[in-house]
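Working notes, structure below.
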Amino acid sequence: KAGVTQTPRYLIKTRGQQVTLSCSPISGHRSVSWYQQTPGQGLQFLFEYFSETQRNKGNFPGRFSGRQFSNSRSEMNVSTLELGDSALYLCASTGGGGVGYTFGSGTRLTVV
Amino acid sequence: QKEVEQDPGPLSVPEGAIVSLNCTYSNSAFQYFMWYRQYSRKGPELLMYTYSSGNKEDGRFTAQVDKSSKYISLFIRDSQPSDSATYLCAMSEDSGGGADGLTFGKGTHLIIQP
């Protein structure tokens, strides 16, 4: 059974640019969540999508947005990048009544 | 006061030792308590979860939750060099994460010396 797949693995962007990250959940999982991981703040919840609808949202500015497609694949977009957006962005899926998430390996975003 | 406190370490122990990892929390609404293991350049991997108070054992790993003290622990017996990783506690009000997702500790970096 394939795990959660995130692309790309690494990205380098310039301040002010925008970026789109992609996540394919485990087959059959309908809920996809996104987290930002930094050394200072640890893992912080960005948002959760379920059946193409944003169900929950963390405390991040509106520059962070996402969407989910009918096949449960999800994308996350960050506009007007800032240096502080440099982080590991993790996608996780859940479903089937299980507890907790299955995480992907993440996308390492560096803003210069 | 942060919602979940976890000592970042590093915690260095010899191979074969018993390891104790801990977290404290402040939100009494948390019902699901999880431990994740994260290797360098990888995403977190769910090790164990516990619902409400009590103990749960899985091989060399034992998770304990004391809701009265708002304190959770993970014990690793017969530790191996392959256990060297960052261990993150996480908690939530419901099984799927809930309105605020999972709340994580910042992780403890564990080193098992051969």
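Labeling convention for the structure tokens: chains A, B, ... as they appear, residues from 1 per chain, ligands from 1 in order of appearance.
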Exercise. Counting only C-alpha atoms, what is within 12 Å of Pro114 of chain B, bar same-chain residues fewer than 4 positions away, as a PyMOL selection string?
Worked result: chain B and resi 12-17+78-84
Exercise. Residues of chain A within 7 Å of chain B, using only C-alpha atoms, as an MDAnalysis selection string?
Worked result: chainID A and resid 42:43 45 56 58 90 94 99:100 102:106
Problem set entry | Selection near segment 71-83 of chain A, 12 Å with only C-alpha atoms, sequence-local residues under 6 positions removed, as a PyMOL selection string | chain A and resi 4-8+12-36+46-54+60-65+89-95+107+109-112
Problem set entry | From B:Leu11, B:Leu74, B:Glu3, B:Phe30, residue lying nearest Ile111 of chain B [only C-alpha atoms] |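 Answer, going by the shortest atom-to-atom distance: B:Leu11.
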Problem set entry | Between atom CA of Cys23 of chain B and atom CA of Thr108 of chain B - distance in Å to one decimal | 9.6 Å
Just want the 7 Å neighbourhood of Asn55 of chain B, counted on only C-alpha atoms, with same-chain residues fewer than 4 positions away dropped. Output as a compact mmCIF listing (two decimals) with C-alpha atoms, in the first residue's frame.
```
# COMPACT_ATOMS: atom_id res chain seq x y z
CA THR B 62 5.10 1.16 26.43
CA ALA B 63 2.96 4.29 26.46
CA GLN B 64 1.46 5.64 29.66
CA VAL B 65 -1.09 8.41 30.15
```
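One distance worth recording is that between atom CA of Asn22 of chain B and atom CA of Asp7 of chain B, which is 7.6 Å.
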Exercise. What is the distance, in Å and to one decimal place, between atom CA of Ser52 of chain B and atom CA of Glu5 of chain B?
Worked result: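 Interatomic distance here is 18.3 Å.
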Can you tell me, as a PDB file with C-alpha atoms, in the first residue's frame, which residues in chain A count as strand (DSSP E) by DSSP?
```
ATOM      1  CA  THR A   5       3.517  11.183  -1.403  1.00  0.00           C
ATOM      2  CA  GLN A   6       4.669  14.784  -1.393  1.00  0.00           C
ATOM      3  CA  THR A   7       6.264  16.642  -4.271  1.00  0.00           C
ATOM      4  CA  TYR A  10      13.055  20.337  -2.000  1.00  0.00           C
ATOM      5  CA  LEU A  11      12.357  23.878  -3.177  1.00  0.00           C
ATOM      6  CA  ILE A  12      14.302  27.108  -3.159  1.00  0.00           C
ATOM      7  CA  LYS A  13      12.305  30.275  -3.753  1.00  0.00           C
ATOM      8  CA  VAL A  19       4.883  28.325  -4.282  1.00  0.00           C
ATOM      9  CA  THR A  20       2.573  25.332  -4.676  1.00  0.00           C
ATOM     10  CA  LEU A  21       3.179  22.039  -2.916  1.00  0.00           C
ATOM     11  CA  SER A  22       1.432  18.788  -3.762  1.00  0.00           C
ATOM     12  CA  CYS A  23       0.269  15.840  -1.682  1.00  0.00           C
ATOM     13  CA  SER A  24      -1.229  12.486  -2.658  1.00  0.00           C
ATOM     14  CA  SER A  31      -8.875  13.673   4.970  1.00  0.00           C
ATOM     15  CA  VAL A  32      -5.659  15.552   4.249  1.00  0.00           C
ATOM     16  CA  SER A  33      -3.946  17.856   6.731  1.00  0.00           C
ATOM     17  CA  TRP A  34      -0.973  20.150   6.319  1.00  0.00           C
ATOM     18  CA  TYR A  35       1.597  21.057   8.970  1.00  0.00           C
ATOM     19  CA  GLN A  36       4.558  23.401   9.058  1.00  0.00           C
ATOM     20  CA  GLN A  37       7.632  22.189  10.965  1.00  0.00           C
ATOM     21  CA  THR A  38      10.380  24.576  12.071  1.00  0.00           C
ATOM     22  CA  GLY A  42       7.879  22.558  16.009  1.00  0.00           C
ATOM     23  CA  LEU A  43       4.899  21.171  14.113  1.00  0.00           C
ATOM     24  CA  GLN A  44       2.060  23.618  13.646  1.00  0.00           C
ATOM     25  CA  PHE A  45      -1.299  22.844  12.093  1.00  0.00           C
ATOM     26  CA  LEU A  46      -2.087  24.708   8.875  1.00  0.00           C
ATOM     27  CA  PHE A  47      -5.396  23.264   7.665  1.00  0.00           C
ATOM     28  CA  GLU A  48      -7.398  20.128   7.007  1.00  0.00           C
ATOM     29  CA  TYR A  49      -9.409  19.178   3.960  1.00  0.00           C
ATOM     30  CA  PHE A  50     -12.101  16.545   3.740  1.00  0.00           C
ATOM     31  CA  THR A  53     -13.842  21.178   1.684  1.00  0.00           C
ATOM     32  CA  GLN A  54     -11.615  22.940   4.180  1.00  0.00           C
ATOM     33  CA  ARG A  55     -12.828  21.589   7.474  1.00  0.00           C
ATOM     34  CA  ASN A  56     -10.405  23.180   9.917  1.00  0.00           C
ATOM     35  CA  LYS A  57      -7.785  25.903   9.784  1.00  0.00           C
ATOM     36  CA  PHE A  64      -1.346  30.171   3.175  1.00  0.00           C
ATOM     37  CA  SER A  65      -4.119  28.431   1.299  1.00  0.00           C
ATOM     38  CA  GLY A  66      -4.950  25.010   0.024  1.00  0.00           C
ATOM     39  CA  ARG A  67      -7.395  22.914  -1.874  1.00  0.00           C
ATOM     40  CA  GLN A  68      -8.382  19.319  -2.324  1.00  0.00           C
ATOM     41  CA  SER A  74      -4.303  18.177  -2.132  1.00  0.00           C
ATOM     42  CA  GLU A  75      -2.245  21.223  -2.923  1.00  0.00           C
ATOM     43  CA  MET A  76      -0.997  23.936  -0.642  1.00  0.00           C
ATOM     44  CA  ASN A  77      -0.092  27.409  -1.846  1.00  0.00           C
ATOM     45  CA  VAL A  78       1.929  30.110  -0.150  1.00  0.00           C
ATOM     46  CA  ALA A  87      10.303  25.187   6.828  1.00  0.00           C
ATOM     47  CA  LEU A  88       9.486  21.558   6.280  1.00  0.00           C
ATOM     48  CA  TYR A  89       5.892  21.309   5.077  1.00  0.00           C
ATOM     49  CA  LEU A  90       4.270  18.029   5.946  1.00  0.00           C
ATOM     50  CA  CYS A  91       1.128  16.524   4.554  1.00  0.00           C
ATOM     51  CA  ALA A  92      -0.753  13.808   6.405  1.00  0.00           C
ATOM     52  CA  SER A  93      -3.766  11.717   5.594  1.00  0.00           C
ATOM     53  CA  THR A  94      -6.206   9.896   7.777  1.00  0.00           C
ATOM     54  CA  THR A 102       0.167   9.011   8.267  1.00  0.00           C
ATOM     55  CA  PHE A 103       2.667  11.643   7.235  1.00  0.00           C
ATOM     56  CA  THR A 107       8.698  19.328   1.205  1.00  0.00           C
ATOM     57  CA  ARG A 108      11.693  21.326   2.421  1.00  0.00           C
ATOM     58  CA  LEU A 109      11.086  24.951   1.389  1.00  0.00           C
ATOM     59  CA  THR A 110      13.910  27.452   1.596  1.00  0.00           C
ATOM     60  CA  VAL A 111      13.137  31.126   0.989  1.00  0.00           C
TER      61      VAL A 111
END
```
For this session: Between B:Gly59, B:Ser53, B:His109, B:Ser69, single out the one closest to Ala85 of chain B, counting only C-alpha atoms.
Result: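 Among B:Gly59, B:Ser53, B:His109, B:Ser69, it is B:His109 that comes nearest to Ala85 of chain B.
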